[in-house]
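Participant: I am sharing model.txt, which consists of compact mmCIF, C-alpha atoms:
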```
# COMPACT_ATOMS: atom_id res chain seq x y z
CA MET J 1313 32.54 -22.45 10.66
CA SER J 1314 33.40 -25.30 13.03
CA LYS J 1315 33.17 -23.02 16.08
CA LEU J 1316 29.78 -21.72 14.96
CA LEU J 1317 28.33 -25.16 14.27
CA ALA J 1318 29.75 -26.58 17.50
CA GLY J 1319 28.04 -23.81 19.46
CA ILE J 1320 24.73 -24.29 17.66
CA ALA J 1321 24.96 -28.06 18.18
CA GLN J 1322 24.51 -27.52 21.93
CA ASN J 1323 20.97 -26.32 21.10
CA ASN J 1324 21.07 -23.99 24.09
CA PHE J 1325 20.94 -20.28 23.32
CA VAL J 1326 21.13 -17.03 25.25
CA ILE J 1327 19.08 -14.38 23.45
CA VAL J 1328 19.54 -10.66 24.03
CA GLY J 1329 16.47 -8.65 23.06
CA ARG J 1330 12.89 -7.70 23.65
CA ALA J 1331 9.74 -9.43 24.79
CA GLY J 1332 6.42 -7.70 24.18
CA MET J 1333 2.69 -8.17 24.00
CA ASP J 1334 0.84 -8.67 20.73
CA PHE J 1335 -2.81 -7.86 20.05
CA PHE J 1336 -4.07 -9.41 16.83
CA THR J 1337 -7.44 -9.49 15.13
CA PRO J 1338 -9.53 -12.51 14.16
CA ALA J 1339 -8.90 -13.81 10.65
CA GLY J 1340 -9.71 -11.31 7.93
CA THR J 1341 -10.64 -8.48 10.29
CA ALA J 1342 -9.35 -4.92 10.01
CA THR J 1343 -8.25 -3.27 13.24
CA GLU J 1344 -10.85 -0.52 12.98
CA ASP J 1345 -13.61 -3.11 12.54
CA ALA J 1346 -12.53 -5.46 15.31
CA GLU J 1347 -14.72 -6.03 18.34
CA VAL J 1348 -12.29 -8.45 19.99
CA PHE J 1349 -8.51 -8.89 19.94
CA HIS J 1350 -6.44 -11.91 20.87
CA ALA J 1351 -3.29 -11.52 22.97
CA GLY J 1352 0.00 -13.33 22.61
CA LEU J 1353 3.71 -13.10 23.28
CA GLY J 1354 5.60 -10.94 20.78
CA GLY J 1355 8.91 -9.19 20.25
CA SER J 1356 11.49 -10.58 17.85
CA SER J 1357 13.85 -12.06 20.44
CA ALA J 1358 11.04 -13.54 22.53
CA ASN J 1359 9.48 -15.04 19.41
CA THR J 1360 12.76 -16.66 18.42
CA ALA J 1361 13.24 -18.01 21.94
CA ALA J 1362 9.73 -19.47 22.01
CA GLY J 1363 10.22 -21.00 18.55
CA ILE J 1364 13.47 -22.66 19.61
CA CYS J 1365 11.86 -24.16 22.70
CA LYS J 1366 8.83 -25.40 20.75
CA LEU J 1367 11.24 -27.19 18.41
CA GLY J 1368 13.05 -28.96 21.23
CA GLY J 1369 15.90 -26.55 21.93
CA LYS J 1370 16.67 -24.46 24.99
CA ALA J 1371 16.73 -20.68 25.22
CA ALA J 1372 17.01 -17.99 27.87
CA ILE J 1373 16.35 -14.31 27.25
CA VAL J 1374 18.16 -11.23 28.60
CA THR J 1375 15.89 -8.19 28.67
CA ARG J 1376 13.97 -5.71 30.77
CA VAL J 1377 10.19 -5.63 31.11
CA SER J 1378 7.91 -3.06 32.70
CA ASP J 1379 7.19 -3.57 36.39
CA ASP J 1380 3.46 -3.92 35.86
CA SER J 1381 0.84 -6.41 34.75
CA ILE J 1382 1.95 -6.28 31.09
CA GLY J 1383 5.54 -7.02 32.01
CA ARG J 1384 4.38 -9.90 34.19
CA TYR J 1385 2.23 -11.18 31.34
CA CYS J 1386 5.29 -11.32 29.10
CA VAL J 1387 7.31 -13.17 31.73
CA ASN J 1388 4.50 -15.67 32.29
CA GLN J 1389 4.23 -16.27 28.54
CA LEU J 1390 7.98 -16.83 28.24
CA LYS J 1391 7.78 -19.40 31.01
CA ARG J 1392 4.80 -21.05 29.32
CA TYR J 1393 6.95 -21.71 26.25
CA GLY J 1394 9.85 -22.95 28.38
CA VAL J 1395 12.07 -19.91 27.87
CA GLY J 1396 14.48 -19.20 30.72
CA THR J 1397 13.69 -15.93 32.52
CA ASP J 1398 16.53 -15.76 35.06
CA TYR J 1399 17.93 -12.73 33.22
CA VAL J 1400 14.66 -10.83 32.79
CA THR J 1401 14.63 -7.72 35.00
CA PRO J 1402 11.60 -5.49 35.71
CA VAL J 1403 12.03 -1.71 35.44
CA GLY J 1404 9.70 0.77 37.13
CA GLY J 1405 8.75 4.37 36.48
CA GLU J 1406 7.18 5.36 33.19
CA PHE J 1407 8.86 2.66 31.09
CA ARG J 1408 6.47 0.32 29.33
CA ASN J 1409 6.61 -2.96 27.47
CA SER J 1410 6.30 -2.71 23.71
CA LEU J 1411 2.90 -3.46 22.19
CA ALA J 1412 2.16 -4.57 18.64
CA VAL J 1413 -1.36 -4.36 17.23
CA TYR J 1414 -1.69 -6.15 13.91
CA GLU J 1415 -4.19 -7.81 11.65
CA SER J 1416 -4.68 -11.44 10.71
CA ARG J 1417 -5.02 -10.60 7.03
CA LEU J 1418 -2.75 -9.95 4.04
CA GLU J 1419 -4.71 -7.53 1.89
CA GLY J 1420 -4.48 -4.05 3.41
CA HIS J 1421 -2.50 -5.47 6.36
CA GLN J 1422 -1.91 -2.95 9.13
CA SER J 1423 0.59 -3.28 11.96
CA VAL J 1424 0.98 -0.58 14.63
CA ILE J 1425 3.88 -0.74 17.08
CA TYR J 1426 3.99 1.20 20.36
CA ARG J 1427 7.59 1.79 21.49
CA ASN J 1428 7.55 5.05 23.45
CA GLY J 1429 9.56 4.71 26.67
CA ALA J 1430 10.27 1.06 25.83
CA ALA J 1431 11.26 -0.98 28.88
CA ASP J 1432 13.65 -3.22 26.92
CA PHE J 1433 15.81 -0.24 25.93
CA GLU J 1434 16.62 0.14 29.65
CA MET J 1435 18.65 -3.08 29.67
CA ASN J 1436 22.13 -2.06 30.82
CA GLN J 1437 25.60 -3.48 31.24
CA SER J 1438 24.86 -4.90 34.67
CA ASP J 1439 22.10 -7.02 33.11
CA VAL J 1440 24.39 -8.63 30.54
CA GLU J 1441 27.27 -8.96 33.01
CA ALA J 1442 25.03 -11.07 35.26
CA VAL J 1443 24.76 -13.79 32.59
CA ASP J 1444 26.71 -17.03 32.97
CA TYR J 1445 27.66 -17.37 29.30
CA ALA J 1446 29.39 -20.70 29.90
CA ARG J 1447 25.92 -22.24 30.30
CA PHE J 1448 25.12 -21.67 26.62
CA GLY J 1449 26.32 -22.68 23.19
CA ALA J 1450 25.68 -19.45 21.27
CA LEU J 1451 24.36 -15.91 21.66
CA ILE J 1452 21.54 -14.59 19.47
CA THR J 1453 20.40 -11.00 19.11
CA ALA J 1454 18.28 -8.87 16.79
CA GLY J 1455 19.00 -5.38 15.52
CA THR J 1456 16.20 -3.64 17.42
CA VAL J 1457 18.10 -4.04 20.70
CA LEU J 1458 20.81 -1.74 19.31
CA ALA J 1459 18.51 1.15 18.46
CA ALA J 1460 18.86 3.11 21.74
CA GLU J 1461 20.95 3.47 24.87
CA PRO J 1462 21.68 1.96 27.33
CA SER J 1463 20.57 -1.21 25.51
CA ARG J 1464 23.01 -0.60 22.64
CA SER J 1465 26.13 -0.42 24.79
CA ALA J 1466 24.89 -3.34 26.88
CA THR J 1467 24.53 -5.48 23.77
CA PHE J 1468 28.03 -4.72 22.56
CA ARG J 1469 29.24 -5.58 26.06
CA ALA J 1470 27.36 -8.90 25.79
CA PHE J 1471 29.20 -9.55 22.52
CA ASP J 1472 32.54 -9.09 24.30
CA LEU J 1473 31.55 -11.37 27.18
CA ALA J 1474 30.18 -14.04 24.85
CA LYS J 1475 33.40 -14.04 22.83
CA GLU J 1476 35.48 -14.33 26.02
CA ALA J 1477 33.40 -17.41 26.88
CA GLY J 1478 33.93 -18.87 23.40
CA LEU J 1479 30.35 -18.41 22.19
CA PRO J 1480 29.62 -17.62 18.53
CA ILE J 1481 27.29 -14.67 17.90
CA ILE J 1482 24.20 -14.97 15.68
CA PHE J 1483 22.66 -11.73 14.42
CA ASP J 1484 19.23 -11.08 12.92
CA VAL J 1485 19.53 -7.61 11.33
CA ASP J 1486 15.82 -6.90 12.01
CA TYR J 1487 15.91 -3.22 11.00
CA ARG J 1488 12.84 -1.35 12.27
CA PRO J 1489 13.11 2.34 11.29
CA TYR J 1490 10.64 3.54 13.93
CA SER J 1491 13.00 2.45 16.72
CA TRP J 1492 16.02 4.44 15.52
CA PRO J 1493 16.90 8.14 15.87
CA SER J 1494 18.04 8.27 12.23
CA ALA J 1495 18.85 6.07 9.26
CA GLU J 1496 22.49 7.16 9.43
CA VAL J 1497 22.87 6.00 13.04
CA ALA J 1498 21.13 2.72 12.22
CA ALA J 1499 23.37 1.98 9.24
CA ASP J 1500 26.52 2.65 11.27
CA VAL J 1501 25.50 0.65 14.36
CA LEU J 1502 24.05 -2.32 12.47
CA SER J 1503 27.16 -2.53 10.31
CA ARG J 1504 29.41 -2.45 13.38
CA ALA J 1505 27.37 -5.23 14.94
CA ALA J 1506 27.43 -7.35 11.80
CA ASP J 1507 31.21 -7.11 11.63
CA GLN J 1508 31.41 -8.88 15.02
CA CYS J 1509 29.05 -11.76 14.26
CA ASP J 1510 29.65 -15.34 13.16
CA MET J 1511 26.25 -15.73 11.51
CA ILE J 1512 24.07 -13.00 10.00
CA VAL J 1513 20.49 -13.32 8.82
CA GLY J 1514 18.66 -10.49 7.06
CA ASN J 1515 16.47 -9.68 4.11
CA ASP J 1516 17.39 -7.93 0.89
CA GLU J 1517 16.20 -4.55 2.17
CA GLU J 1518 18.23 -4.84 5.39
CA PHE J 1519 21.48 -5.76 3.65
CA GLY J 1520 20.79 -3.06 1.09
CA PHE J 1521 20.27 -0.55 3.88
CA MET J 1522 23.64 -1.38 5.42
CA ALA J 1523 25.29 -1.20 1.99
CA GLY J 1524 23.78 2.18 1.08
CA SER J 1525 21.27 1.00 -1.55
CA ILE J 1526 19.22 -2.12 -2.16
CA ASP J 1527 21.07 -3.01 -5.35
CA LYS J 1528 24.27 -3.36 -3.30
CA GLY J 1529 22.74 -5.61 -0.62
CA LEU J 1530 23.66 -8.93 -2.18
CA ASP J 1531 27.29 -7.85 -2.55
CA LYS J 1532 27.24 -6.71 1.09
CA ALA J 1533 26.05 -10.15 2.23
CA ARG J 1534 28.68 -11.86 0.10
CA GLU J 1535 31.38 -9.54 1.43
CA LEU J 1536 30.47 -10.26 5.06
CA SER J 1537 30.70 -14.01 4.38
CA GLN J 1538 34.19 -13.53 2.96
CA SER J 1539 35.47 -11.32 5.77
CA THR J 1540 33.93 -11.96 9.20
CA ALA J 1541 30.87 -14.24 9.21
CA ALA J 1542 30.92 -17.99 8.62
CA ILE J 1543 27.27 -18.07 7.44
CA VAL J 1544 25.26 -15.21 5.90
CA VAL J 1545 21.62 -15.73 4.92
CA TYR J 1546 20.21 -13.23 2.39
CA LYS J 1547 16.43 -13.57 2.41
CA MET J 1548 14.27 -12.40 -0.49
CA GLY J 1549 10.72 -13.05 0.67
CA PRO J 1550 8.76 -15.10 -1.88
CA GLU J 1551 11.92 -15.48 -3.98
CA GLY J 1552 13.58 -17.62 -1.30
CA ALA J 1553 17.09 -17.10 0.03
CA ILE J 1554 20.76 -17.17 -0.89
CA THR J 1555 23.09 -18.46 1.81
CA PHE J 1556 26.82 -17.81 1.72
CA ALA J 1557 29.04 -20.28 3.57
CA GLU J 1558 32.62 -21.46 3.01
CA GLY J 1559 32.75 -19.95 -0.47
CA GLN J 1560 29.50 -21.60 -1.56
CA GLU J 1561 26.20 -20.00 -2.52
CA ILE J 1562 23.18 -22.09 -1.54
CA HIS J 1563 19.95 -21.12 -3.31
CA THR J 1564 16.70 -22.19 -1.66
CA GLY J 1565 13.02 -21.57 -2.30
CA ILE J 1566 10.00 -21.29 -0.03
CA TYR J 1567 7.05 -23.50 0.89
CA PRO J 1568 3.94 -21.84 -0.60
CA VAL J 1569 0.94 -21.65 1.72
CA ASP J 1570 -2.29 -19.69 2.01
CA ALA J 1571 -0.86 -17.00 4.28
CA LEU J 1572 -3.08 -15.41 6.90
CA LYS J 1573 -0.71 -12.54 7.71
CA PRO J 1574 2.95 -11.56 7.08
CA THR J 1575 4.20 -11.26 10.67
CA GLY J 1576 6.47 -13.66 12.55
CA ALA J 1577 8.10 -15.29 9.53
CA GLY J 1578 11.66 -14.12 10.21
CA ASP J 1579 11.68 -15.14 13.86
CA SER J 1580 10.33 -18.61 13.10
CA PHE J 1581 12.80 -19.01 10.24
CA MET J 1582 15.66 -18.35 12.67
CA ALA J 1583 14.29 -20.83 15.22
CA GLY J 1584 13.82 -23.53 12.60
CA LEU J 1585 17.22 -22.99 11.01
CA LEU J 1586 19.15 -23.14 14.29
CA THR J 1587 17.34 -26.10 15.83
CA SER J 1588 17.65 -28.04 12.56
CA LEU J 1589 21.41 -27.43 12.49
CA ALA J 1590 21.55 -28.51 16.13
CA ASP J 1591 19.67 -31.70 15.26
CA GLY J 1592 22.35 -32.59 12.71
CA HIS J 1593 20.75 -31.55 9.42
CA ASP J 1594 23.05 -30.09 6.79
CA LEU J 1595 22.96 -26.37 6.05
CA LYS J 1596 20.70 -26.48 2.98
CA THR J 1597 18.20 -28.78 4.67
CA SER J 1598 18.22 -26.59 7.76
CA ILE J 1599 17.52 -23.47 5.70
CA LEU J 1600 14.58 -25.22 4.06
CA ARG J 1601 13.26 -26.37 7.42
CA GLY J 1602 13.52 -22.77 8.62
CA SER J 1603 11.52 -21.72 5.56
CA ALA J 1604 8.91 -24.34 6.39
CA CYS J 1605 8.64 -22.93 9.91
CA ALA J 1606 8.08 -19.47 8.45
CA SER J 1607 5.30 -20.80 6.24
CA VAL J 1608 3.59 -22.48 9.19
CA THR J 1609 3.72 -19.25 11.18
CA VAL J 1610 2.25 -16.96 8.51
CA SER J 1611 -0.60 -19.41 7.97
CA ARG J 1612 -1.82 -19.13 11.58
CA PRO J 1613 -2.82 -16.20 13.84
CA GLY J 1614 -0.32 -14.67 16.23
CA CYS J 1615 3.47 -14.86 16.31
CA ALA J 1616 4.80 -17.00 19.17
CA PRO J 1617 1.48 -18.92 19.37
CA ALA J 1618 1.65 -19.63 15.62
CA MET J 1619 5.15 -21.06 15.57
CA ALA J 1620 5.58 -24.72 14.78
CA ASP J 1621 6.50 -27.33 17.33
CA THR J 1622 8.42 -30.40 16.19
CA GLU J 1623 5.33 -32.48 15.39
CA THR J 1624 3.74 -29.66 13.39
CA LEU J 1625 6.93 -29.08 11.40
CA GLU J 1626 7.39 -32.75 10.55
CA ASN J 1627 3.75 -33.13 9.54
CA PHE J 1628 3.99 -30.02 7.36
CA LEU J 1629 7.09 -31.32 5.59
CA ALA J 1630 5.54 -34.76 5.11
CA THR J 1631 2.35 -33.43 3.53
CA HIS J 1632 3.55 -30.36 1.58
CA SER J 1633 4.38 -30.75 -2.11
CA GLY J 1634 7.80 -29.19 -1.51
CA PRO J 1635 9.66 -25.89 -1.83
CA THR J 1636 9.83 -23.73 -4.90
CA GLN J 1637 13.01 -24.02 -6.94
CA ARG J 1638 15.51 -21.19 -7.45
```
Could you rewrite the structure in this file as structure tokens?
Facilitator:
Amino acid sequence: MSKLLAGIAQNNFVIVGRAGMDFFTPAGTATEDAEVFHAGLGGSSANTAAGICKLGGKAAIVTRVSDDSIGRYCVNQLKRYGVGTDYVTPVGGEFRNSLAVYESRLEGHQSVIYRNGAADFEMNQSDVEAVDYARFGALITAGTVLAAEPSRSATFRAFDLAKEAGLPIIFDVDYRPYSWPSAEVAADVLSRAADQCDMIVGNDEEFGFMAGSIDKGLDKARELSQSTAAIVVYKMGPEGAITFAEGQEIHTGIYPVDALKPTGAGDSFMAGLLTSLADGHDLKTSILRGSACASVTVSRPGCAPAMADTETLENFLATHSGPTQR
């Protein structure tokens, strides 16, 4: 635990994963009825990086983007949020940045992801070997980066290099079935990754998937906290979260809001949790602050654009009636 918290305390993260473009509709509008779409930075790793920077931390991302205007858009957006792009490499040919088209509404919400020939899956071992890990306090990654080669092998190589440099590894399970060749491959690879990580964050379905059925997910999270990971966060959507750390189980609720859409909550939760720990808050408080960040994000359009900065988070906490109790 001390190694993990010491790394997080530096508030300077290297994040291995994807950056993409989001198209999202105006509030309450179905995709098929939309006449205009708004654009923003997307992709789980890029969102987390942007959220960390908006909350006063530092982050750099390791990924590949398409060598075209969409790839350059993503790089420009990363820079706009203050995310380091020294380790972002363009790739040519027919590879393309991922695109998410989703709606700013809850009822009947539709989200369509385009991932054919994804540029970020072309990240290779030379990309992660170019990183100066000693510059950072911790490595963060999300499960999507492990869904295909050469990105999968590159990520496991990044784990090795981070460990050699003394960095703890923070893992958002982030299981997206459409990115994987099969459920069996996903379960095996995600479980192998989780076994190497110091901190694991996932929802009940993701832990259940790794365990073989959803009713075994909570036991899987508990088991990982007792064997390899110092902190395991088991998220349950509107039911809050259970966090396992040093033999304790911390139960936390959520901050109810009038949600505009469901997307971006997990990435903002991660950003809020880590930067709060870095700022010296205790674990339970940090989890609640992460939950508050998630609530801010789902109440506003977009993903990275919707994430809270420090002023927004503090104002939200000061004016909200408080989290639900578990």
Participant: What are the closest atom pairs, with distances in Å to one decimal, for all residues of range 1419-1507 of chain J lying within 12 Å of range 1531-1552 of chain J? Consider only C-alpha atoms, order rows by chain and residue number, and present the result as CSV.
Facilitator:
```
residue,atom,partner,partner_atom,distance
J:Pro1480,CA,J:Ala1541,CA,10.0
J:Ile1481,CA,J:Ala1541,CA,9.4
J:Ile1482,CA,J:Ala1541,CA,9.3
J:Phe1483,CA,J:Val1544,CA,9.6
J:Asp1484,CA,J:Val1545,CA,9.6
J:Val1485,CA,J:Val1545,CA,10.6
J:Asp1486,CA,J:Lys1547,CA,11.7
J:Ser1503,CA,J:Leu1536,CA,9.9
J:Arg1504,CA,J:Thr1540,CA,11.3
J:Ala1505,CA,J:Thr1540,CA,11.0
J:Ala1506,CA,J:Leu1536,CA,7.9
J:Asp1507,CA,J:Thr1540,CA,6.1
```
Participant: Could you pull the residues within 12 Å of Lys1391 in chain J, counting all atoms listed in the file, minus those fewer than 5 positions along the same chain, as a list of chain:residue names?
Facilitator: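 After dropping sequence-adjacent residues, the list is J:Ala1331, J:Leu1353, J:Ala1358, J:Ala1361, J:Ala1362, J:Cys1365, J:Lys1366, J:Lys1370, J:Ala1371, J:Ala1372, J:Ile1373, J:Arg1384, J:Tyr1385, J:Cys1386, J:Gly1396, J:Thr1397, J:Asp1398, J:Val1400.
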Participant: Quick one: which range 1574-1626 of chain J residues come within 12 Å of range 1436-1451 of chain J, and what is the nearest atom pair for each with the distance in Å to one decimal, counting all atoms listed in the file, rows ordered by chain and ascending number, as a tab-separated table?
Facilitator:
```
residue	atom	partner	partner_atom	distance
J:Leu1586	CA	J:Ala1450	CA	10.2
J:Thr1587	CA	J:Ala1450	CA	12.0
J:Ala1590	CA	J:Gly1449	CA	10.3
```
Participant: May I have the residues within 12 Å of Asp1570 in chain J as a VMD selection string, using all atoms listed in the file and disregarding those fewer than 6 positions away in the same chain?
Facilitator: chain J and resid 1417 to 1418 1607 to 1612
Participant: How many Å lie between CA of Gly1369 in chain J and CA of Tyr1393 in chain J, rounded to one decimal?
Facilitator: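 Answer for the CA of Gly1369 in chain J to CA of Tyr1393 in chain J separation: 11.1 Å.
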Participant: Is it possible to get the residues within 12 Å of (17.3, -24.0, 6.5) (coordinates as in the file, counting all atoms listed in the file) written as a PDB file with C-alpha atoms, in the frame of the given file?
Facilitator:
```
ATOM      1  CA  VAL J1513      20.490 -13.320   8.820  1.00  0.00           C
ATOM      2  CA  ILE J1543      27.270 -18.070   7.440  1.00  0.00           C
ATOM      3  CA  VAL J1544      25.260 -15.210   5.900  1.00  0.00           C
ATOM      4  CA  VAL J1545      21.620 -15.730   4.920  1.00  0.00           C
ATOM      5  CA  TYR J1546      20.210 -13.230   2.390  1.00  0.00           C
ATOM      6  CA  LYS J1547      16.430 -13.570   2.410  1.00  0.00           C
ATOM      7  CA  GLY J1552      13.580 -17.620  -1.300  1.00  0.00           C
ATOM      8  CA  ALA J1553      17.090 -17.100   0.030  1.00  0.00           C
ATOM      9  CA  ILE J1554      20.760 -17.170  -0.890  1.00  0.00           C
ATOM     10  CA  THR J1555      23.090 -18.460   1.810  1.00  0.00           C
ATOM     11  CA  ILE J1562      23.180 -22.090  -1.540  1.00  0.00           C
ATOM     12  CA  HIS J1563      19.950 -21.120  -3.310  1.00  0.00           C
ATOM     13  CA  THR J1564      16.700 -22.190  -1.660  1.00  0.00           C
ATOM     14  CA  GLY J1565      13.020 -21.570  -2.300  1.00  0.00           C
ATOM     15  CA  ILE J1566      10.000 -21.290  -0.030  1.00  0.00           C
ATOM     16  CA  TYR J1567       7.050 -23.500   0.890  1.00  0.00           C
ATOM     17  CA  GLY J1578      11.660 -14.120  10.210  1.00  0.00           C
ATOM     18  CA  SER J1580      10.330 -18.610  13.100  1.00  0.00           C
ATOM     19  CA  PHE J1581      12.800 -19.010  10.240  1.00  0.00           C
ATOM     20  CA  MET J1582      15.660 -18.350  12.670  1.00  0.00           C
ATOM     21  CA  ALA J1583      14.290 -20.830  15.220  1.00  0.00           C
ATOM     22  CA  GLY J1584      13.820 -23.530  12.600  1.00  0.00           C
ATOM     23  CA  LEU J1585      17.220 -22.990  11.010  1.00  0.00           C
ATOM     24  CA  LEU J1586      19.150 -23.140  14.290  1.00  0.00           C
ATOM     25  CA  THR J1587      17.340 -26.100  15.830  1.00  0.00           C
ATOM     26  CA  SER J1588      17.650 -28.040  12.560  1.00  0.00           C
ATOM     27  CA  LEU J1589      21.410 -27.430  12.490  1.00  0.00           C
ATOM     28  CA  ALA J1590      21.550 -28.510  16.130  1.00  0.00           C
ATOM     29  CA  ASP J1591      19.670 -31.700  15.260  1.00  0.00           C
ATOM     30  CA  GLY J1592      22.350 -32.590  12.710  1.00  0.00           C
ATOM     31  CA  HIS J1593      20.750 -31.550   9.420  1.00  0.00           C
ATOM     32  CA  ASP J1594      23.050 -30.090   6.790  1.00  0.00           C
ATOM     33  CA  LEU J1595      22.960 -26.370   6.050  1.00  0.00           C
ATOM     34  CA  LYS J1596      20.700 -26.480   2.980  1.00  0.00           C
ATOM     35  CA  THR J1597      18.200 -28.780   4.670  1.00  0.00           C
ATOM     36  CA  SER J1598      18.220 -26.590   7.760  1.00  0.00           C
ATOM     37  CA  ILE J1599      17.520 -23.470   5.700  1.00  0.00           C
ATOM     38  CA  LEU J1600      14.580 -25.220   4.060  1.00  0.00           C
ATOM     39  CA  ARG J1601      13.260 -26.370   7.420  1.00  0.00           C
ATOM     40  CA  GLY J1602      13.520 -22.770   8.620  1.00  0.00           C
ATOM     41  CA  SER J1603      11.520 -21.720   5.560  1.00  0.00           C
ATOM     42  CA  ALA J1604       8.910 -24.340   6.390  1.00  0.00           C
ATOM     43  CA  CYS J1605       8.640 -22.930   9.910  1.00  0.00           C
ATOM     44  CA  ALA J1606       8.080 -19.470   8.450  1.00  0.00           C
ATOM     45  CA  PRO J1635       9.660 -25.890  -1.830  1.00  0.00           C
TER      46      PRO J1635
END
```
Participant: Point out the residue among J:Gly1559, J:Gly1319, J:Gly1340, J:Gly1332 with the least atom-to-atom distance to Ser1356 in chain J, counting all atoms listed in the file.
Facilitator: J:Gly1332
Participant: Determine, for each residue of range 1343-1380 of chain J having at least one atom at most 12 Å from an atom of range 1419-1426 of chain J, the closest pair of atoms and their separation in Å to one decimal, counting only C-alpha atoms; order by chain and ascending number, as JSON lines.
Facilitator:
```
{"residue": "J:Thr1343", "atom": "CA", "partner": "J:Gln1422", "partner_atom": "CA", "distance": 7.6}
{"residue": "J:Glu1344", "atom": "CA", "partner": "J:Gln1422", "partner_atom": "CA", "distance": 10.0}
{"residue": "J:Gly1354", "atom": "CA", "partner": "J:Ile1425", "partner_atom": "CA", "distance": 11.0}
{"residue": "J:Gly1355", "atom": "CA", "partner": "J:Ile1425", "partner_atom": "CA", "distance": 10.3}
```
Participant: Hey, which of J:Ala1460, J:Tyr1399, J:Asp1527, J:Gln1637 ends up closest to Ser1494 in chain J? Count all atoms listed in the file.
Facilitator: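 Checking each of J:Ala1460, J:Tyr1399, J:Asp1527, J:Gln1637 against Ser1494 in chain J, counting all atoms listed in the file, the winner is J:Ala1460.
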Participant: Provide the CA of Leu1411 in chain J to CA of Leu1390 in chain J distance in Å, to one decimal place.
Facilitator: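 So the answer is 15.5 Å.
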Participant: Please report the interatomic distance between CA of Leu1479 in chain J and CA of Trp1492 in chain J in Å with one decimal.
Facilitator: 27.8 Å
Participant: Report, as lines of an AutoDock Vina configuration file, the axis-aligned box around all atoms of range 1618-1628 of chain J present in the file, extended by 8 Å on each side; give centre and edge lengths in Å to one decimal place.
Facilitator:
```
center_x = 5.0
center_y = -26.4
center_z = 12.3
size_x = 22.8
size_y = 29.5
size_z = 26.0
```
